[in-house]
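Participant: Dropping in input.pdb, with PDB, C-alpha atoms.
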ATOM      1  CA  MET Y   1       4.732   5.405 -11.143
ATOM      2  CA  ALA Y   2       4.288   2.626  -8.611
ATOM      3  CA  PHE Y   3       6.334   2.260  -5.456
ATOM      4  CA  SER Y   4       6.239   0.511  -2.111
ATOM      5  CA  ARG Y   5       6.995   1.918   1.294
ATOM      6  CA  PHE Y   6       7.604  -0.187   4.369
ATOM      7  CA  SER Y   7       7.685   1.494   7.743
ATOM      8  CA  GLU Y   8       7.022   0.413  11.279
ATOM      9  CA  GLN Y   9       3.573   1.441  12.431
ATOM     10  CA  LYS Y  10       2.155   1.339  15.943
ATOM     11  CA  PRO Y  11      -0.816  -1.043  16.175
ATOM     12  CA  VAL Y  12      -4.134   0.746  15.985
ATOM     13  CA  ASN Y  13      -7.696  -0.411  16.281
ATOM     14  CA  GLN Y  14      -8.700  -1.706  12.889
ATOM     15  CA  PRO Y  15     -12.183  -1.116  11.448
ATOM     16  CA  SER Y  16     -14.180  -4.130  10.359
ATOM     17  CA  TRP Y  17     -13.486  -5.519   6.889
ATOM     18  CA  ARG Y  18     -16.874  -4.263   5.729
ATOM     19  CA  SER Y  19     -16.191  -0.664   6.717
ATOM     20  CA  SER Y  20     -12.711  -0.918   5.188
ATOM     21  CA  ALA Y  21     -14.185  -2.245   1.945
ATOM     22  CA  SER Y  22     -16.796   0.533   1.895
ATOM     23  CA  ALA Y  23     -14.118   3.187   2.392
ATOM     24  CA  LEU Y  24     -11.962   1.651  -0.338
ATOM     25  CA  ILE Y  25     -14.864   1.625  -2.811
ATOM     26  CA  ALA Y  26     -15.742   5.242  -1.976
ATOM     27  CA  LEU Y  27     -12.131   6.352  -2.455
ATOM     28  CA  THR Y  28     -11.866   4.448  -5.715
ATOM     29  CA  PHE Y  29     -15.088   5.993  -7.081
ATOM     30  CA  SER Y  30     -13.842   9.464  -6.073
ATOM     31  CA  ALA Y  31     -10.460   8.948  -7.683
ATOM     32  CA  LEU Y  32     -12.022   7.473 -10.825
ATOM     33  CA  SER Y  33     -14.203  10.536 -11.301
ATOM     34  CA  LEU Y  34     -11.154  12.793 -11.004
ATOM     35  CA  ALA Y  35      -8.829  10.715 -13.162
ATOM     36  CA  THR Y  36     -10.882  11.265 -16.282
ATOM     37  CA  VAL Y  37     -10.442  15.070 -15.995
ATOM     38  CA  GLU Y  38      -6.874  15.672 -14.811
ATOM     39  CA  GLU Y  39      -3.532  13.996 -15.389
ATOM     40  CA  ALA Y  40      -2.603  11.774 -12.488
ATOM     41  CA  GLU Y  41      -0.775   8.692 -11.368
ATOM     42  CA  LEU Y  42      -1.488   5.828  -9.022
ATOM     43  CA  ALA Y  43       0.969   4.715  -6.370
ATOM     44  CA  THR Y  44       0.861   1.458  -4.467
ATOM     45  CA  LEU Y  45       1.759   1.779  -0.809
ATOM     46  CA  GLU Y  46       2.651  -1.137   1.438
ATOM     47  CA  TRP Y  47       3.623  -1.078   5.105
ATOM     48  CA  LYS Y  48       4.417  -3.688   7.731
ATOM     49  CA  THR Y  49       1.714  -4.187  10.316
ATOM     50  CA  GLY Y  50       0.868  -6.559  13.083
ATOM     51  CA  SER Y  51      -2.696  -5.321  13.388
ATOM     52  CA  ALA Y  52      -4.277  -6.262  10.061
ATOM     53  CA  SER Y  53      -7.702  -7.838  10.224
ATOM     54  CA  PRO Y  54      -7.891 -11.588   9.732
ATOM     55  CA  PRO Y  55     -10.104 -12.919   6.966
ATOM     56  CA  PRO Y  56     -13.768 -13.197   7.936
ATOM     57  CA  GLU Y  57     -15.080 -16.504   9.179
ATOM     58  CA  LEU Y  58     -17.356 -17.954   6.530
ATOM     59  CA  GLU Y  59     -19.959 -20.652   6.392
ATOM     60  CA  GLU Y  60     -19.105 -23.698   4.295
ATOM     61  CA  GLN Y  61     -21.078 -22.590   1.217
ATOM     62  CA  GLN Y  62     -19.592 -19.086   1.349
ATOM     63  CA  GLU Y  63     -16.079 -20.521   1.681
ATOM     64  CA  ARG Y  64     -16.637 -22.653  -1.459
ATOM     65  CA  ILE Y  65     -17.651 -19.557  -3.424
ATOM     66  CA  ILE Y  66     -14.732 -17.469  -2.148
ATOM     67  CA  SER Y  67     -12.350 -20.346  -2.974
ATOM     68  CA  LEU Y  68     -13.598 -20.230  -6.577
ATOM     69  CA  VAL Y  69     -13.108 -16.459  -6.611
ATOM     70  CA  ARG Y  70      -9.532 -16.899  -5.372
ATOM     71  CA  MET Y  71      -8.824 -19.385  -8.177
ATOM     72  CA  GLY Y  72     -10.381 -17.045 -10.719
ATOM     73  CA  LEU Y  73      -8.183 -14.166  -9.585
ATOM     74  CA  GLU Y  74      -5.156 -16.128 -10.779
ATOM     75  CA  SER Y  75      -6.365 -16.217 -14.387
ATOM     76  CA  MET Y  76      -8.897 -13.396 -14.889
ATOM     77  CA  SER Y  77      -8.815  -9.642 -14.966
ATOM     78  CA  GLU Y  78     -10.263  -7.888 -11.933
ATOM     79  CA  PRO Y  79     -13.394  -6.713 -13.800
ATOM     80  CA  ALA Y  80     -14.159 -10.239 -15.041
ATOM     81  CA  ALA Y  81     -13.521 -11.799 -11.635
ATOM     82  CA  MET Y  82     -15.710  -9.322  -9.757
ATOM     83  CA  ARG Y  83     -18.560  -9.585 -12.229
ATOM     84  CA  LEU Y  84     -18.585 -13.355 -11.811
ATOM     85  CA  ALA Y  85     -18.021 -13.297  -8.054
ATOM     86  CA  PHE Y  86     -21.375 -11.781  -7.285
ATOM     87  CA  LEU Y  87     -23.301 -14.315  -9.331
ATOM     88  CA  GLY Y  88     -23.205 -16.314  -6.090
ATOM     89  CA  GLY Y  89     -24.926 -13.550  -4.167
ATOM     90  CA  GLU Y  90     -27.775 -15.775  -3.062
ATOM     91  CA  SER Y  91     -25.389 -17.577  -0.704
ATOM     92  CA  MET Y  92     -24.876 -14.200   0.963
ATOM     93  CA  ASN Y  93     -28.649 -13.639   1.170
ATOM     94  CA  ILE Y  94     -28.640 -11.108  -1.664
ATOM     95  CA  ARG Y  95     -31.615 -11.802  -3.903
ATOM     96  CA  GLY Y  96     -33.914 -10.377  -6.521
ATOM     97  CA  ALA Y  97     -33.801  -6.646  -7.133
ATOM     98  CA  ASP Y  98     -30.920  -6.167  -4.671
ATOM     99  CA  MET Y  99     -28.805  -8.704  -6.580
ATOM    100  CA  THR Y 100     -29.673  -7.123  -9.921
ATOM    101  CA  SER Y 101     -28.843  -3.666  -8.576
ATOM    102  CA  LEU Y 102     -25.490  -4.868  -7.196
ATOM    103  CA  GLN Y 103     -24.539  -6.592 -10.461
ATOM    104  CA  ASN Y 104     -25.559  -3.563 -12.547
ATOM    105  CA  GLY Y 105     -23.548  -1.277 -10.265
ATOM    106  CA  LEU Y 106     -20.479  -3.509 -10.569
ATOM    107  CA  ASN Y 107     -20.854  -3.635 -14.343
ATOM    108  CA  ARG Y 108     -21.041   0.180 -14.592
ATOM    109  CA  PHE Y 109     -18.142   0.632 -12.173
ATOM    110  CA  TYR Y 110     -15.821  -1.785 -13.974
ATOM    111  CA  ALA Y 111     -16.824  -0.445 -17.407
ATOM    112  CA  LYS Y 112     -15.530   2.965 -16.266
ATOM    113  CA  ILE Y 113     -12.311   1.383 -15.020
ATOM    114  CA  GLU Y 114     -11.757  -0.461 -18.311
ATOM    115  CA  GLU Y 115     -12.275   2.780 -20.293
ATOM    116  CA  ASP Y 116      -9.915   4.908 -18.181
ATOM    117  CA  PRO Y 117      -6.227   4.761 -19.239
ATOM    118  CA  LEU Y 118      -4.937   5.263 -15.694
ATOM    119  CA  PHE Y 119      -7.207   2.854 -13.857
ATOM    120  CA  SER Y 120      -7.332   0.163 -16.562
ATOM    121  CA  SER Y 121      -3.592  -0.399 -16.159
ATOM    122  CA  ALA Y 122      -3.627  -0.331 -12.346
ATOM    123  CA  PRO Y 123      -2.607  -3.529 -10.575
ATOM    124  CA  THR Y 124      -5.345  -5.431  -8.807
ATOM    125  CA  HIS Y 125      -5.323  -5.798  -5.035
ATOM    126  CA  LEU Y 126      -8.079  -8.417  -5.023
ATOM    127  CA  PRO Y 127      -5.770 -11.329  -4.145
ATOM    128  CA  TYR Y 128      -4.820  -9.342  -1.015
ATOM    129  CA  CYS Y 129      -8.474  -8.562  -0.249
ATOM    130  CA  PHE Y 130      -9.641 -12.152  -0.719
ATOM    131  CA  SER Y 131      -6.665 -13.852   0.936
ATOM    132  CA  ASN Y 132      -7.444 -16.661   3.335
ATOM    133  CA  LYS Y 133      -4.513 -15.606   5.556
ATOM    134  CA  LYS Y 134      -4.077 -12.642   7.889
ATOM    135  CA  PRO Y 135      -1.745 -10.200   6.101
ATOM    136  CA  ASP Y 136       1.502  -9.013   7.677
ATOM    137  CA  HIS Y 137       1.344  -5.753   5.744
ATOM    138  CA  GLY Y 138      -1.138  -3.096   4.716
ATOM    139  CA  LEU Y 139      -1.808  -2.294   1.059
ATOM    140  CA  ALA Y 140      -3.378   0.729  -0.620
ATOM    141  CA  SER Y 141      -3.552   2.431  -3.996
ATOM    142  CA  VAL Y 142      -3.226   6.189  -3.789
ATOM    143  CA  TYR Y 143      -4.422   8.603  -6.471
ATOM    144  CA  ILE Y 144      -1.877  11.398  -6.999
ATOM    145  CA  PRO Y 145      -2.904  14.293  -9.260
ATOM    146  CA  THR Y 146      -0.018  15.805 -11.215
ATOM    147  CA  THR Y 147      -1.862  19.071 -11.736
ATOM    148  CA  THR Y 148      -4.553  20.933  -9.898
ATOM    149  CA  GLY Y 149      -7.725  22.184 -11.432
ATOM    150  CA  PRO Y 150     -11.266  23.221 -10.566
ATOM    151  CA  ARG Y 151     -12.398  19.642  -9.829
ATOM    152  CA  LEU Y 152      -9.490  19.052  -7.437
ATOM    153  CA  ARG Y 153      -9.952  22.098  -5.230
TER     154      ARG Y 153
END
Is it possible to give me this structure as structure tokens?
Facilitator:
Amino acid sequence: MAFSRFSEQKPVNQPSWRSSASALIALTFSALSLATVEEAELATLEWKTGSASPPPELEEQQERIISLVRMGLESMSEPAAMRLAFLGGESMNIRGADMTSLQNGLNRFYAKIEEDPLFSSAPTHLPYCFSNKKPDHGLASVYIPTTTGPRLR
């Protein structure tokens, strides 16, 4: 079941895009580990906001890479797009063993998503995340267990 909710929210201090991305990845990993054990559903929540973070300012080379990622998001699955996106890691000063570790981690993460019936059919929010415009709404996927069990307590 997917649904949207719009409600007025008071502006709050927003964390940086990096801390938001880290929190989103942590929540996704947590939900993915639970989804393989218990029945569940994912809901998409949206809300109006005037306090969303603008896109980060990028150097010219980084902007070229992100522009290619944005184009790829229109025609590729999320796993394919993310695996290719980090091939340009050198422009973000990610090199050698760090780059290999990041790519291997992404490959493992997206392999789990592709194997899981719930997460493999989830809509991607990458176009929202990689937008070149400041959003007027917030967006989140929420994991909702339909039963409780030992791993959910």
Participant: When you look at Y:Pro79 with a cut-off of 12 Å (counting all atoms listed in the file), what residues show up, excluding the ones that are within fewer than 2 positions of it in the same chain? I need them as a PDB file with C-alpha atoms, keeping the file's coordinate frame.
Facilitator:
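Resulting contents of around_0.pdb:
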ATOM      1  CA  GLY Y  72     -10.381 -17.045 -10.719  1.00  0.00           C
ATOM      2  CA  LEU Y  73      -8.183 -14.166  -9.585  1.00  0.00           C
ATOM      3  CA  SER Y  75      -6.365 -16.217 -14.387  1.00  0.00           C
ATOM      4  CA  MET Y  76      -8.897 -13.396 -14.889  1.00  0.00           C
ATOM      5  CA  SER Y  77      -8.815  -9.642 -14.966  1.00  0.00           C
ATOM      6  CA  ALA Y  81     -13.521 -11.799 -11.635  1.00  0.00           C
ATOM      7  CA  MET Y  82     -15.710  -9.322  -9.757  1.00  0.00           C
ATOM      8  CA  ARG Y  83     -18.560  -9.585 -12.229  1.00  0.00           C
ATOM      9  CA  LEU Y  84     -18.585 -13.355 -11.811  1.00  0.00           C
ATOM     10  CA  ALA Y  85     -18.021 -13.297  -8.054  1.00  0.00           C
ATOM     11  CA  PHE Y  86     -21.375 -11.781  -7.285  1.00  0.00           C
ATOM     12  CA  GLN Y 103     -24.539  -6.592 -10.461  1.00  0.00           C
ATOM     13  CA  LEU Y 106     -20.479  -3.509 -10.569  1.00  0.00           C
ATOM     14  CA  ASN Y 107     -20.854  -3.635 -14.343  1.00  0.00           C
ATOM     15  CA  ARG Y 108     -21.041   0.180 -14.592  1.00  0.00           C
ATOM     16  CA  PHE Y 109     -18.142   0.632 -12.173  1.00  0.00           C
ATOM     17  CA  TYR Y 110     -15.821  -1.785 -13.974  1.00  0.00           C
ATOM     18  CA  ALA Y 111     -16.824  -0.445 -17.407  1.00  0.00           C
ATOM     19  CA  LYS Y 112     -15.530   2.965 -16.266  1.00  0.00           C
ATOM     20  CA  ILE Y 113     -12.311   1.383 -15.020  1.00  0.00           C
ATOM     21  CA  GLU Y 114     -11.757  -0.461 -18.311  1.00  0.00           C
ATOM     22  CA  GLU Y 115     -12.275   2.780 -20.293  1.00  0.00           C
ATOM     23  CA  PHE Y 119      -7.207   2.854 -13.857  1.00  0.00           C
ATOM     24  CA  SER Y 120      -7.332   0.163 -16.562  1.00  0.00           C
ATOM     25  CA  SER Y 121      -3.592  -0.399 -16.159  1.00  0.00           C
ATOM     26  CA  ALA Y 122      -3.627  -0.331 -12.346  1.00  0.00           C
ATOM     27  CA  PRO Y 123      -2.607  -3.529 -10.575  1.00  0.00           C
ATOM     28  CA  THR Y 124      -5.345  -5.431  -8.807  1.00  0.00           C
ATOM     29  CA  HIS Y 125      -5.323  -5.798  -5.035  1.00  0.00           C
ATOM     30  CA  LEU Y 126      -8.079  -8.417  -5.023  1.00  0.00           C
TER      31      LEU Y 126
END
Participant: Quick one: pull the distance between atom CA of Y:Leu45 and atom CA of Y:Asp136, Å, one decimal.
Facilitator: 13.7 Å
Participant: Hey, what's within 8 Å of Y:Arg70 if we count only C-alpha atoms and toss same-chain stuff fewer than 6 positions away? As number ranges by chain, please?
Facilitator: Y: 127, 130-131
Participant: I'd like the contact shell of Y:Asn132 - 10 Å cut-off, all atoms listed in the file, skipping same-chain residues fewer than 3 positions apart - returned as an MDAnalysis selection string.
Facilitator: chainID Y and resid 54:57 63 66:67 70 127:129 135
Participant: So which residues fall inside 9 Å of (-1.4, -7.5, 4.7) if we count all atoms listed in the file? Mind giving them as a ChimeraX atom specification?
Facilitator: /Y:46-50,52-53,128-129,133-139
Participant: State, in Å with one decimal place, the distance from atom CA of Y:Glu59 to atom CA of Y:Ile94.
Facilitator: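 Between atom CA of Y:Glu59 and atom CA of Y:Ile94 the gap works out to 15.2 Å.
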Participant: May I ask for the distance between atom CA of Y:Leu118 and atom CA of Y:Tyr143, given in Å to one decimal place?
Facilitator: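 Straight-line distance from atom CA of Y:Leu118 to atom CA of Y:Tyr143 works out to 9.8 Å.
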Participant: Where's the centre, and what are the edge lengths in Å to one decimal, of a box along x, y and z enclosing all listed atoms of stretch 118-125 of chain Y padded 3 Å per side, as JSON?
Facilitator:
{"center_x": -5.0, "center_y": -0.3, "center_z": -10.8, "size_x": 10.7, "size_y": 17.1, "size_z": 17.5}
Participant: Closest to Y:Gln62 among Y:Thr146, Y:Asp116, Y:Thr100, Y:Asn93, using all atoms listed in the file?
Facilitator: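 So, comparing all the options, the nearest one is Y:Asn93.
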Participant: Would you mind telling me which residue in Y:Leu68, Y:Met99, Y:Leu58, Y:Leu42 lies nearest to Y:Ala140 when using only C-alpha atoms?
Facilitator: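 Selected residue with least distance to Y:Ala140: Y:Leu42.
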